[in-house]
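Shown below: structure.cif, with mmCIF, C-alpha atoms and all ligand atoms.
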```cif
data_protein
#
loop_
_atom_site.group_PDB
_atom_site.id
_atom_site.type_symbol
_atom_site.label_atom_id
_atom_site.label_comp_id
_atom_site.auth_asym_id
_atom_site.auth_seq_id
_atom_site.Cartn_x
_atom_site.Cartn_y
_atom_site.Cartn_z
ATOM 1 C CA MET A 1 -5.976 -25.658 -3.950
ATOM 2 C CA LEU A 2 -2.706 -26.748 -2.414
ATOM 3 C CA VAL A 3 -2.678 -26.847 1.402
ATOM 4 C CA ILE A 4 0.722 -27.580 2.913
ATOM 5 C CA THR A 5 1.862 -27.986 6.489
ATOM 6 C CA THR A 6 5.617 -28.597 6.373
ATOM 7 C CA ASN A 7 8.629 -26.550 5.305
ATOM 8 C CA THR A 8 9.741 -29.430 3.071
ATOM 9 C CA GLU A 9 6.473 -29.275 1.096
ATOM 10 C CA LEU A 10 6.747 -25.501 1.032
ATOM 11 C CA ASN A 11 10.267 -25.646 -0.435
ATOM 12 C CA THR A 12 9.116 -28.155 -3.047
ATOM 13 C CA PHE A 13 6.381 -25.741 -4.136
ATOM 14 C CA LEU A 14 8.745 -22.733 -4.118
ATOM 15 C CA LYS A 15 11.135 -24.581 -6.472
ATOM 16 C CA THR A 16 8.344 -24.809 -9.088
ATOM 17 C CA ILE A 17 8.047 -21.011 -9.357
ATOM 18 C CA LYS A 18 9.715 -19.499 -12.446
ATOM 19 C CA LYS A 19 12.520 -17.001 -11.724
ATOM 20 C CA ASP A 20 10.744 -14.026 -13.329
ATOM 21 C CA ASN A 21 7.398 -14.751 -11.635
ATOM 22 C CA ASN A 22 6.195 -12.584 -8.756
ATOM 23 C CA LEU A 23 5.274 -14.179 -5.466
ATOM 24 C CA GLY A 24 2.898 -12.534 -2.987
ATOM 25 C CA LEU A 25 2.511 -13.507 0.670
ATOM 26 C CA VAL A 26 -0.479 -12.786 2.903
ATOM 27 C CA PRO A 27 0.403 -13.765 6.493
ATOM 28 C CA THR A 28 -2.656 -14.397 8.692
ATOM 29 C CA MET A 29 -3.676 -16.089 11.907
ATOM 30 C CA GLY A 30 -6.784 -17.523 10.230
ATOM 31 C CA ALA A 31 -10.446 -16.899 11.190
ATOM 32 C CA LEU A 32 -10.516 -15.105 7.873
ATOM 33 C CA HIS A 33 -12.932 -12.247 7.219
ATOM 34 C CA SER A 34 -13.463 -9.685 4.445
ATOM 35 C CA GLY A 35 -10.464 -7.683 5.691
ATOM 36 C CA HIS A 36 -8.137 -10.636 5.027
ATOM 37 C CA LEU A 37 -9.884 -11.384 1.740
ATOM 38 C CA SER A 38 -9.232 -7.831 0.542
ATOM 39 C CA LEU A 39 -5.484 -8.459 1.078
ATOM 40 C CA VAL A 40 -5.732 -11.794 -0.717
ATOM 41 C CA LYS A 41 -7.564 -10.224 -3.701
ATOM 42 C CA LYS A 42 -4.951 -7.480 -3.982
ATOM 43 C CA ALA A 43 -2.175 -10.086 -3.781
ATOM 44 C CA ILE A 44 -3.825 -12.156 -6.531
ATOM 45 C CA LYS A 45 -4.064 -9.084 -8.781
ATOM 46 C CA GLU A 46 -0.436 -8.083 -8.278
ATOM 47 C CA ASN A 47 1.397 -11.434 -8.312
ATOM 48 C CA ASP A 48 1.736 -14.609 -10.401
ATOM 49 C CA HIS A 49 1.560 -16.792 -7.265
ATOM 50 C CA VAL A 50 0.068 -16.183 -3.838
ATOM 51 C CA ILE A 51 0.768 -17.952 -0.572
ATOM 52 C CA VAL A 52 -1.550 -17.366 2.394
ATOM 53 C CA SER A 53 -0.114 -18.482 5.717
ATOM 54 C CA ILE A 54 -2.425 -19.434 8.573
ATOM 55 C CA PHE A 55 -0.657 -19.684 11.901
ATOM 56 C CA VAL A 56 -1.866 -18.592 15.337
ATOM 57 C CA ASN A 57 1.500 -17.396 16.561
ATOM 58 C CA PRO A 58 1.791 -18.101 20.314
ATOM 59 C CA THR A 59 4.734 -15.761 20.927
ATOM 60 C CA GLN A 60 2.764 -12.615 20.053
ATOM 61 C CA PHE A 61 0.029 -13.226 22.651
ATOM 62 C CA ASN A 62 0.767 -11.519 25.953
ATOM 63 C CA ASN A 63 -2.527 -12.834 27.340
ATOM 64 C CA LYS A 64 -2.953 -16.618 27.657
ATOM 65 C CA GLU A 65 -6.757 -16.406 27.624
ATOM 66 C CA ASP A 66 -6.693 -14.368 24.395
ATOM 67 C CA LEU A 67 -4.552 -17.103 22.769
ATOM 68 C CA GLU A 68 -6.817 -19.897 24.032
ATOM 69 C CA LYS A 69 -9.941 -18.088 22.829
ATOM 70 C CA TYR A 70 -8.500 -17.045 19.473
ATOM 71 C CA PRO A 71 -10.999 -18.374 16.887
ATOM 72 C CA GLN A 72 -9.742 -21.272 14.758
ATOM 73 C CA THR A 73 -11.844 -21.961 11.666
ATOM 74 C CA LEU A 74 -9.468 -23.718 9.282
ATOM 75 C CA ASP A 75 -12.087 -25.531 7.140
ATOM 76 C CA THR A 76 -14.056 -22.327 6.530
ATOM 77 C CA ASP A 77 -10.814 -20.405 5.888
ATOM 78 C CA ILE A 78 -9.777 -22.906 3.218
ATOM 79 C CA LYS A 79 -13.236 -22.709 1.588
ATOM 80 C CA LEU A 80 -13.105 -18.906 1.524
ATOM 81 C CA LEU A 81 -9.625 -18.933 -0.006
ATOM 82 C CA SER A 82 -10.555 -21.490 -2.661
ATOM 83 C CA MET A 83 -13.501 -19.263 -3.611
ATOM 84 C CA ALA A 84 -11.085 -16.358 -4.102
ATOM 85 C CA SER A 85 -8.795 -18.503 -6.305
ATOM 86 C CA ASP A 86 -7.978 -22.198 -6.475
ATOM 87 C CA GLN A 87 -4.412 -21.206 -7.386
ATOM 88 C CA ILE A 88 -3.655 -19.953 -3.857
ATOM 89 C CA VAL A 89 -1.225 -22.026 -1.811
ATOM 90 C CA VAL A 90 -2.165 -22.206 1.868
ATOM 91 C CA TYR A 91 0.662 -22.773 4.329
ATOM 92 C CA VAL A 92 -0.604 -24.027 7.715
ATOM 93 C CA PRO A 93 2.408 -25.042 9.822
ATOM 94 C CA SER A 94 2.249 -26.432 13.350
ATOM 95 C CA VAL A 95 3.888 -24.654 16.294
ATOM 96 C CA SER A 96 6.717 -27.221 16.321
ATOM 97 C CA GLU A 97 7.310 -26.816 12.564
ATOM 98 C CA VAL A 98 7.776 -23.087 13.082
ATOM 99 C CA TYR A 99 9.554 -22.925 16.432
ATOM 100 C CA LYS A 100 11.193 -26.366 16.613
ATOM 101 C CA LYS A 101 11.952 -26.617 20.362
ATOM 102 C CA GLU A 102 12.024 -23.046 21.716
ATOM 103 C CA VAL A 103 8.673 -21.266 21.561
ATOM 104 C CA THR A 104 10.182 -17.879 22.370
ATOM 105 C CA PRO A 105 10.391 -14.629 20.432
ATOM 106 C CA LYS A 106 13.595 -13.060 19.167
ATOM 107 C CA LYS A 107 14.378 -9.633 20.705
ATOM 108 C CA TYR A 108 14.405 -6.703 18.296
ATOM 109 C CA ASN A 109 15.259 -3.038 18.489
ATOM 110 C CA PHE A 110 12.432 -1.424 16.559
ATOM 111 C CA GLN A 111 13.828 2.012 17.384
ATOM 112 C CA GLY A 112 10.970 3.031 19.653
ATOM 113 C CA LEU A 113 8.112 2.078 17.323
ATOM 114 C CA ASP A 114 7.284 -0.789 19.684
ATOM 115 C CA LEU A 115 7.365 1.187 22.916
ATOM 116 C CA VAL A 116 4.088 3.054 22.458
ATOM 117 C CA MET A 117 0.414 2.049 22.268
ATOM 118 C CA GLU A 118 0.138 -1.719 21.594
ATOM 119 C CA GLY A 119 3.758 -2.185 22.667
ATOM 120 C CA GLU A 120 3.137 -0.385 25.955
ATOM 121 C CA PHE A 121 0.097 -2.498 26.812
ATOM 122 C CA ARG A 122 1.160 -5.847 25.319
ATOM 123 C CA ASP A 123 4.540 -7.060 26.586
ATOM 124 C CA ASP A 124 6.733 -8.684 23.912
ATOM 125 C CA HIS A 125 3.853 -8.596 21.387
ATOM 126 C CA PHE A 126 5.920 -7.007 18.622
ATOM 127 C CA ASN A 127 8.918 -9.244 19.275
ATOM 128 C CA GLY A 128 6.537 -12.159 18.653
ATOM 129 C CA VAL A 129 5.135 -10.558 15.487
ATOM 130 C CA GLY A 130 8.667 -9.751 14.261
ATOM 131 C CA THR A 131 9.832 -13.333 14.907
ATOM 132 C CA ILE A 132 7.079 -14.980 12.869
ATOM 133 C CA VAL A 133 7.076 -12.413 10.068
ATOM 134 C CA GLU A 134 10.882 -12.566 9.698
ATOM 135 C CA MET A 135 10.720 -16.354 9.620
ATOM 136 C CA LEU A 136 7.957 -16.347 6.965
ATOM 137 C CA LEU A 137 9.728 -13.751 4.802
ATOM 138 C CA ASN A 138 13.041 -15.631 4.957
ATOM 139 C CA LEU A 139 11.426 -18.976 4.248
ATOM 140 C CA ILE A 140 9.068 -17.901 1.456
ATOM 141 C CA LYS A 141 11.064 -14.967 0.004
ATOM 142 C CA PRO A 142 8.027 -13.221 -1.491
ATOM 143 C CA ASN A 143 8.370 -10.152 -3.716
ATOM 144 C CA ASN A 144 5.369 -8.566 -1.984
ATOM 145 C CA ALA A 145 3.816 -9.085 1.450
ATOM 146 C CA TYR A 146 0.417 -7.686 2.426
ATOM 147 C CA PHE A 147 -0.742 -6.368 5.818
ATOM 148 C CA GLY A 148 -3.882 -4.515 6.912
ATOM 149 C CA GLU A 149 -3.814 -0.944 8.180
ATOM 150 C CA LYS A 150 -6.106 -1.890 11.058
ATOM 151 C CA ASP A 151 -2.846 -2.922 12.727
ATOM 152 C CA PHE A 152 -1.127 0.251 11.578
ATOM 153 C CA GLN A 153 1.563 0.096 14.283
ATOM 154 C CA GLN A 154 2.319 -3.502 13.287
ATOM 155 C CA LEU A 155 2.599 -2.397 9.653
ATOM 156 C CA GLN A 156 5.176 0.301 10.535
ATOM 157 C CA ILE A 157 7.107 -2.201 12.671
ATOM 158 C CA ILE A 158 7.172 -4.782 9.887
ATOM 159 C CA LYS A 159 8.546 -2.136 7.499
ATOM 160 C CA LYS A 160 11.233 -1.383 10.117
ATOM 161 C CA LEU A 161 11.911 -5.126 10.527
ATOM 162 C CA THR A 162 12.669 -5.523 6.818
ATOM 163 C CA GLU A 163 14.973 -2.491 7.010
ATOM 164 C CA ILE A 164 16.963 -3.641 10.063
ATOM 165 C CA GLU A 165 17.147 -7.272 8.944
ATOM 166 C CA ASN A 166 17.811 -6.370 5.283
ATOM 167 C CA ILE A 167 14.949 -8.414 3.879
ATOM 168 C CA PRO A 168 14.271 -7.621 0.206
ATOM 169 C CA VAL A 169 10.464 -7.445 -0.002
ATOM 170 C CA ASN A 170 7.804 -4.808 -0.677
ATOM 171 C CA ILE A 171 5.613 -4.403 2.394
ATOM 172 C CA ILE A 172 2.192 -3.324 1.187
ATOM 173 C CA GLY A 173 -0.334 -1.761 3.563
ATOM 174 C CA CYS A 174 -4.026 -2.173 2.691
ATOM 175 C CA PRO A 175 -6.975 -0.048 3.873
ATOM 176 C CA ILE A 176 -9.132 -1.066 6.832
ATOM 177 C CA VAL A 177 -12.297 -2.973 5.883
ATOM 178 C CA ARG A 178 -15.307 -2.250 8.113
ATOM 179 C CA GLU A 179 -18.539 -3.994 9.029
ATOM 180 C CA SER A 180 -21.697 -2.186 7.783
ATOM 181 C CA HIS A 181 -22.049 -0.252 11.058
ATOM 182 C CA GLY A 182 -18.395 0.833 11.063
ATOM 183 C CA LEU A 183 -16.566 -1.597 13.337
ATOM 184 C CA ALA A 184 -13.161 -2.480 11.866
ATOM 185 C CA MET A 185 -13.127 -6.121 10.734
ATOM 186 C CA SER A 186 -11.233 -8.351 13.146
ATOM 187 C CA SER A 187 -11.264 -12.062 13.934
ATOM 188 C CA ARG A 188 -11.955 -11.089 17.562
ATOM 189 C CA ASN A 189 -15.305 -9.484 16.554
ATOM 190 C CA GLU A 190 -16.730 -13.025 16.431
ATOM 191 C CA ARG A 191 -16.458 -13.097 20.220
ATOM 192 C CA LEU A 192 -18.748 -10.067 20.652
ATOM 193 C CA PRO A 193 -22.436 -10.491 21.549
ATOM 194 C CA SER A 194 -24.468 -9.181 18.591
ATOM 195 C CA GLN A 195 -25.837 -6.142 20.430
ATOM 196 C CA ILE A 196 -22.338 -5.063 21.497
ATOM 197 C CA ARG A 197 -21.077 -5.669 17.965
ATOM 198 C CA GLN A 198 -23.637 -3.117 16.692
ATOM 199 C CA GLU A 199 -22.923 -0.698 19.541
ATOM 200 C CA ALA A 200 -19.185 -0.921 18.843
ATOM 201 C CA SER A 201 -19.795 1.483 15.949
ATOM 202 C CA ILE A 202 -19.185 4.071 18.694
ATOM 203 C CA ILE A 203 -15.437 3.490 18.162
ATOM 204 C CA TYR A 204 -15.349 4.442 14.478
ATOM 205 C CA ASN A 205 -17.965 7.186 14.878
ATOM 206 C CA THR A 206 -15.866 8.779 17.613
ATOM 207 C CA LEU A 207 -12.703 8.498 15.507
ATOM 208 C CA LYS A 208 -14.486 10.178 12.575
ATOM 209 C CA ALA A 209 -15.617 13.007 14.874
ATOM 210 C CA ALA A 210 -12.025 13.310 16.188
ATOM 211 C CA LYS A 211 -10.863 13.737 12.586
ATOM 212 C CA GLU A 212 -13.367 16.590 12.109
ATOM 213 C CA LYS A 213 -12.074 18.282 15.259
ATOM 214 C CA PHE A 214 -8.397 17.867 14.272
ATOM 215 C CA GLY A 215 -8.413 21.010 12.121
ATOM 216 C CA THR A 216 -9.379 23.318 14.992
ATOM 217 C CA LYS A 217 -8.789 21.603 18.362
ATOM 218 C CA SER A 218 -5.644 20.522 20.212
ATOM 219 C CA ALA A 219 -4.711 16.841 20.544
ATOM 220 C CA LYS A 220 -5.342 17.025 24.310
ATOM 221 C CA VAL A 221 -8.863 18.427 23.856
ATOM 222 C CA ILE A 222 -9.632 15.748 21.257
ATOM 223 C CA THR A 223 -8.263 12.791 23.233
ATOM 224 C CA ASP A 224 -10.047 13.946 26.428
ATOM 225 C CA TRP A 225 -13.269 14.225 24.433
ATOM 226 C CA VAL A 226 -12.857 10.750 22.861
ATOM 227 C CA THR A 227 -12.101 9.230 26.284
ATOM 228 C CA LYS A 228 -15.246 10.778 27.764
ATOM 229 C CA VAL A 229 -17.526 9.716 24.905
ATOM 230 C CA ILE A 230 -16.316 6.100 24.998
ATOM 231 C CA ASN A 231 -16.206 5.777 28.795
ATOM 232 C CA ASP A 232 -19.663 7.356 29.171
ATOM 233 C CA ASN A 233 -21.042 4.206 27.527
ATOM 234 C CA PRO A 234 -21.027 1.598 30.345
ATOM 235 C CA ASN A 235 -20.296 -1.232 27.870
ATOM 236 C CA PHE A 236 -16.997 0.278 26.721
ATOM 237 C CA LYS A 237 -13.745 1.146 28.476
ATOM 238 C CA ILE A 238 -10.952 2.962 26.748
ATOM 239 C CA GLU A 239 -7.392 1.657 27.175
ATOM 240 C CA TYR A 240 -5.658 4.353 25.166
ATOM 241 C CA ILE A 241 -6.340 7.042 22.610
ATOM 242 C CA GLU A 242 -3.283 8.641 21.011
ATOM 243 C CA ILE A 243 -2.795 11.175 18.271
ATOM 244 C CA SER A 244 0.589 10.414 16.770
ATOM 245 C CA ASP A 245 2.928 11.040 13.870
ATOM 246 C CA ALA A 246 1.973 8.350 11.323
ATOM 247 C CA GLN A 247 5.643 7.676 10.494
ATOM 248 C CA THR A 248 7.383 7.669 13.892
ATOM 249 C CA LEU A 249 4.251 6.823 15.952
ATOM 250 C CA LYS A 250 5.445 9.386 18.498
ATOM 251 C CA PRO A 251 2.595 11.262 20.225
ATOM 252 C CA ILE A 252 1.991 14.657 18.632
ATOM 253 C CA LYS A 253 3.421 17.678 20.450
ATOM 254 C CA ARG A 254 2.597 20.450 18.031
ATOM 255 C CA LYS A 255 1.105 20.006 14.540
ATOM 256 C CA GLN A 256 3.803 20.423 11.892
ATOM 257 C CA LYS A 257 3.220 21.227 8.229
ATOM 258 C CA GLY A 258 3.820 18.320 5.849
ATOM 259 C CA LYS A 259 3.487 15.666 8.568
ATOM 260 C CA LYS A 260 0.801 12.997 8.570
ATOM 261 C CA TYR A 261 -1.034 12.286 11.803
ATOM 262 C CA ARG A 262 -3.275 9.417 12.893
ATOM 263 C CA ALA A 263 -5.497 8.715 15.873
ATOM 264 C CA PHE A 264 -5.066 5.268 17.464
ATOM 265 C CA ILE A 265 -7.478 3.697 19.927
ATOM 266 C CA ALA A 266 -7.820 0.530 22.029
ATOM 267 C CA VAL A 267 -11.114 -0.250 23.756
ATOM 268 C CA TYR A 268 -12.354 -3.086 25.949
ATOM 269 C CA THR A 269 -15.890 -4.351 25.541
ATOM 270 C CA ALA A 270 -17.467 -7.661 26.613
ATOM 271 C CA ASN A 271 -14.007 -8.951 27.592
ATOM 272 C CA VAL A 272 -12.681 -8.346 24.087
ATOM 273 C CA ARG A 273 -10.002 -5.827 23.228
ATOM 274 C CA LEU A 274 -10.614 -3.902 19.998
ATOM 275 C CA ILE A 275 -8.226 -1.560 18.200
ATOM 276 C CA ASP A 276 -8.800 0.914 15.399
ATOM 277 C CA ASN A 277 -7.167 3.971 13.853
ATOM 278 C CA ILE A 278 -7.872 6.762 11.400
ATOM 279 C CA ALA A 279 -5.818 9.138 9.251
ATOM 280 C CA LEU A 280 -6.431 12.677 10.507
ATOM 281 C CA ASN A 281 -4.979 14.697 7.620
HETATM 282 O O1 LIG A 301 -1.854 -9.412 11.831
HETATM 283 C C1 LIG A 301 -1.803 -10.649 12.056
HETATM 284 O O2 LIG A 301 -2.725 -11.420 11.780
HETATM 285 C C2 LIG A 301 -0.551 -11.217 12.700
HETATM 286 O O3 LIG A 301 -0.018 -10.318 13.615
HETATM 287 C C3 LIG A 301 0.510 -11.660 11.674
HETATM 288 C C4 LIG A 301 1.052 -10.504 10.879
HETATM 289 C C5 LIG A 301 -0.091 -12.699 10.741
HETATM 290 C C6 LIG A 301 1.682 -12.314 12.400
HETATM 291 O O4 LIG A 301 1.279 -13.413 13.151
#
```

structure tokens encoding of this file:
Amino acid sequence: MLVITTNTELNTFLKTIKKDNNLGLVPTMGALHSGHLSLVKKAIKENDHVIVSIFVNPTQFNNKEDLEKYPQTLDTDIKLLSMASDQIVVYVPSVSEVYKKEVTPKKYNFQGLDLVMEGEFRDDHFNGVGTIVEMLLNLIKPNNAYFGEKDFQQLQIIKKLTEIENIPVNIIGCPIVRESHGLAMSSRNERLPSQIRQEASIIYNTLKAAKEKFGTKSAKVITDWVTKVINDNPNFKIEYIEISDAQTLKPIKRKQKGKKYRAFIAVYTANVRLIDNIALN
């Protein structure tokens, strides 16, 4: 399996790809788990070549401690990828290769998609995500790029990014992969004590119950109920729960026919911030 670290090596590889071949990109920050591997498998199925990037992007971390503690498991990641296919190309650039001198994010106008939920609680996070994803898409020029729906807001913002920056690529969202007890797979789960990791099934169980209630109860009743259930467990503290239009991410006012809604949640437990979401209709 080819592992490359510089843009020069990357360009050399890209030149070997035949014009009519499809190229798929799976951008990651490493610490790969089954969620990432599901994106990689889909990319392998749908493309002639697949590049997986591994880069812990400093400009999308609003919290220094979160960046410092972000798990880095490159050797295991490479093993996992080579087990999926030895044809994958892994691109692992350094911070200076990506950002040269200025480690700062570009400023975008994501037309409000970035002002709610994660954007409200994590300053500049989506500018950082936009900066690295735009750079990867422009450098690699994939036909298809794959992102998980666990970060559903990120997925919508990346679709908007390709629209406002005119980047010709299919952005493909892939379903959330969960641990056996329901917790959405995330690299940050590794930082949870095992008992909390089990107990964190409360997040998905509460979202599933919210979905059941969505047919008959108002958004306010549901979000108050979710907040109470989560906060009643002393190990968990809710940061936000929103029921929003899945397209615009605007909080629901009144249910409208033909619109898709989702519930979005962020919860703190054991000093780790977890997010999840669920389609409600
Ligand atoms: O979802 C992630 O892992 C990151 O936000 C991404 C898309 C790889 C950009 O750094």

On this file, the PyMOL selection byres (((chain A and resi 279) around 12) and not hetatm) gives some set of residues; write that set as number ranges by chain.
A: 149-150, 152, 175-176, 204, 207-212, 214, 243-247, 259-264, 276-278, 280-281

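Interatomic distance, CA of Lys213 in chain A to CA of Gly35 in chain A: 27.7 Å.
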
Six-sided padding of 6 Å per side, axis-aligned box over range 144-157 of chain A, centre and edges in Å, one decimal, as JSON:
```
{"center_x": 0.5, "center_y": -4.4, "center_z": 6.1, "size_x": 25.2, "size_y": 21.4, "size_z": 28.3}
```

10 Å contact set for Phe121 in chain A, all atoms listed in the file, chain neighbours under 3 positions out, as a PyMOL selection string
chain A and resi 62+115-118+124-125+239-240+266

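Taking only C-alpha atoms and all ligand atoms into account, ligand LIG 301 (chain A) lies nearest to A:Met135 out of the set A:Met135, A:Leu80, A:Leu23, A:Leu2.
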
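Pairwise distance (CA of Thr73 in chain A, CA of Lys15 in chain A) equals 29.4 Å.
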
Kindly provide, as an MDAnalysis selection string, all nucleotide and amino acid residues lying within 9 Å of ligand LIG 301 (chain A), counting all atoms listed in the file.
chainID A and resid 26:30 36 53:60 125:126 128:133 146:148 150:151 154:155 158 187

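Minimum atom-to-atom distance to Ala43 in chain A, evaluated using only C-alpha atoms, belongs to A:Gly173 out of A:Gly258, A:Gly173, A:Pro93, A:Gly112.
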
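The closest residue to Asn127 in chain A, picked from A:Asp77, A:Glu102, A:Arg178, A:Phe61 and counting only C-alpha atoms, is A:Phe61.
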
Can you turn the PyMOL selection byres (((chain A and resi 70) around 9) and not hetatm) into a concrete residue list for this file, as an NGL selection string?
:A and (31 or 56 or 65-69 or 71-72 or 187-188 or 191)

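Proximity ranking of A:Ile140, A:Ile222, A:Met83, A:Ile4 relative to His49 in chain A places A:Ile140 first, based on only C-alpha atoms.
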
Skip Glu97 in chain A itself and residues of its chain fewer than 4 positions away, then list as a VMD selection string all residues within 10 Å of it, counting all atoms listed in the file.
chain A and resid 5 to 7 92 to 93 101

Atomic distance CA of Glu46 in chain A - CA of Leu74 in chain A, expressed in Å with one decimal
25.2 Å

Going by the chain IDs and residue numbers used in this file, which residues fall under the PyMOL selection byres (((chain A and resi 141) around 9) and not hetatm)? Write them as a ChimeraX atom specification.
/A:23,25,136-140,142-144,167-169

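Minimum distance to Leu81 in chain A across A:His33, A:Lys19, A:Arg273, A:Lys45 (counting all atoms listed in the file) occurs at A:His33.
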
Contacts of Gln111 in chain A at 10 Å (all atoms listed in the file; same-chain gap of 5+ positions) as a CSV table (one decimal) with C-alpha atoms, in the coordinates of the input:
```
chain,number,residue,atom,x,y,z
A,157,ILE,CA,7.1,-2.2,12.7
A,160,LYS,CA,11.2,-1.4,10.1
A,164,ILE,CA,17.0,-3.6,10.1
A,248,THR,CA,7.4,7.7,13.9
```

Nearest to Asn189 in chain A, chosen from A:Ile252, A:Asp86, A:Ile275, A:Ser96, with only C-alpha atoms counted in the distances
A:Ile275
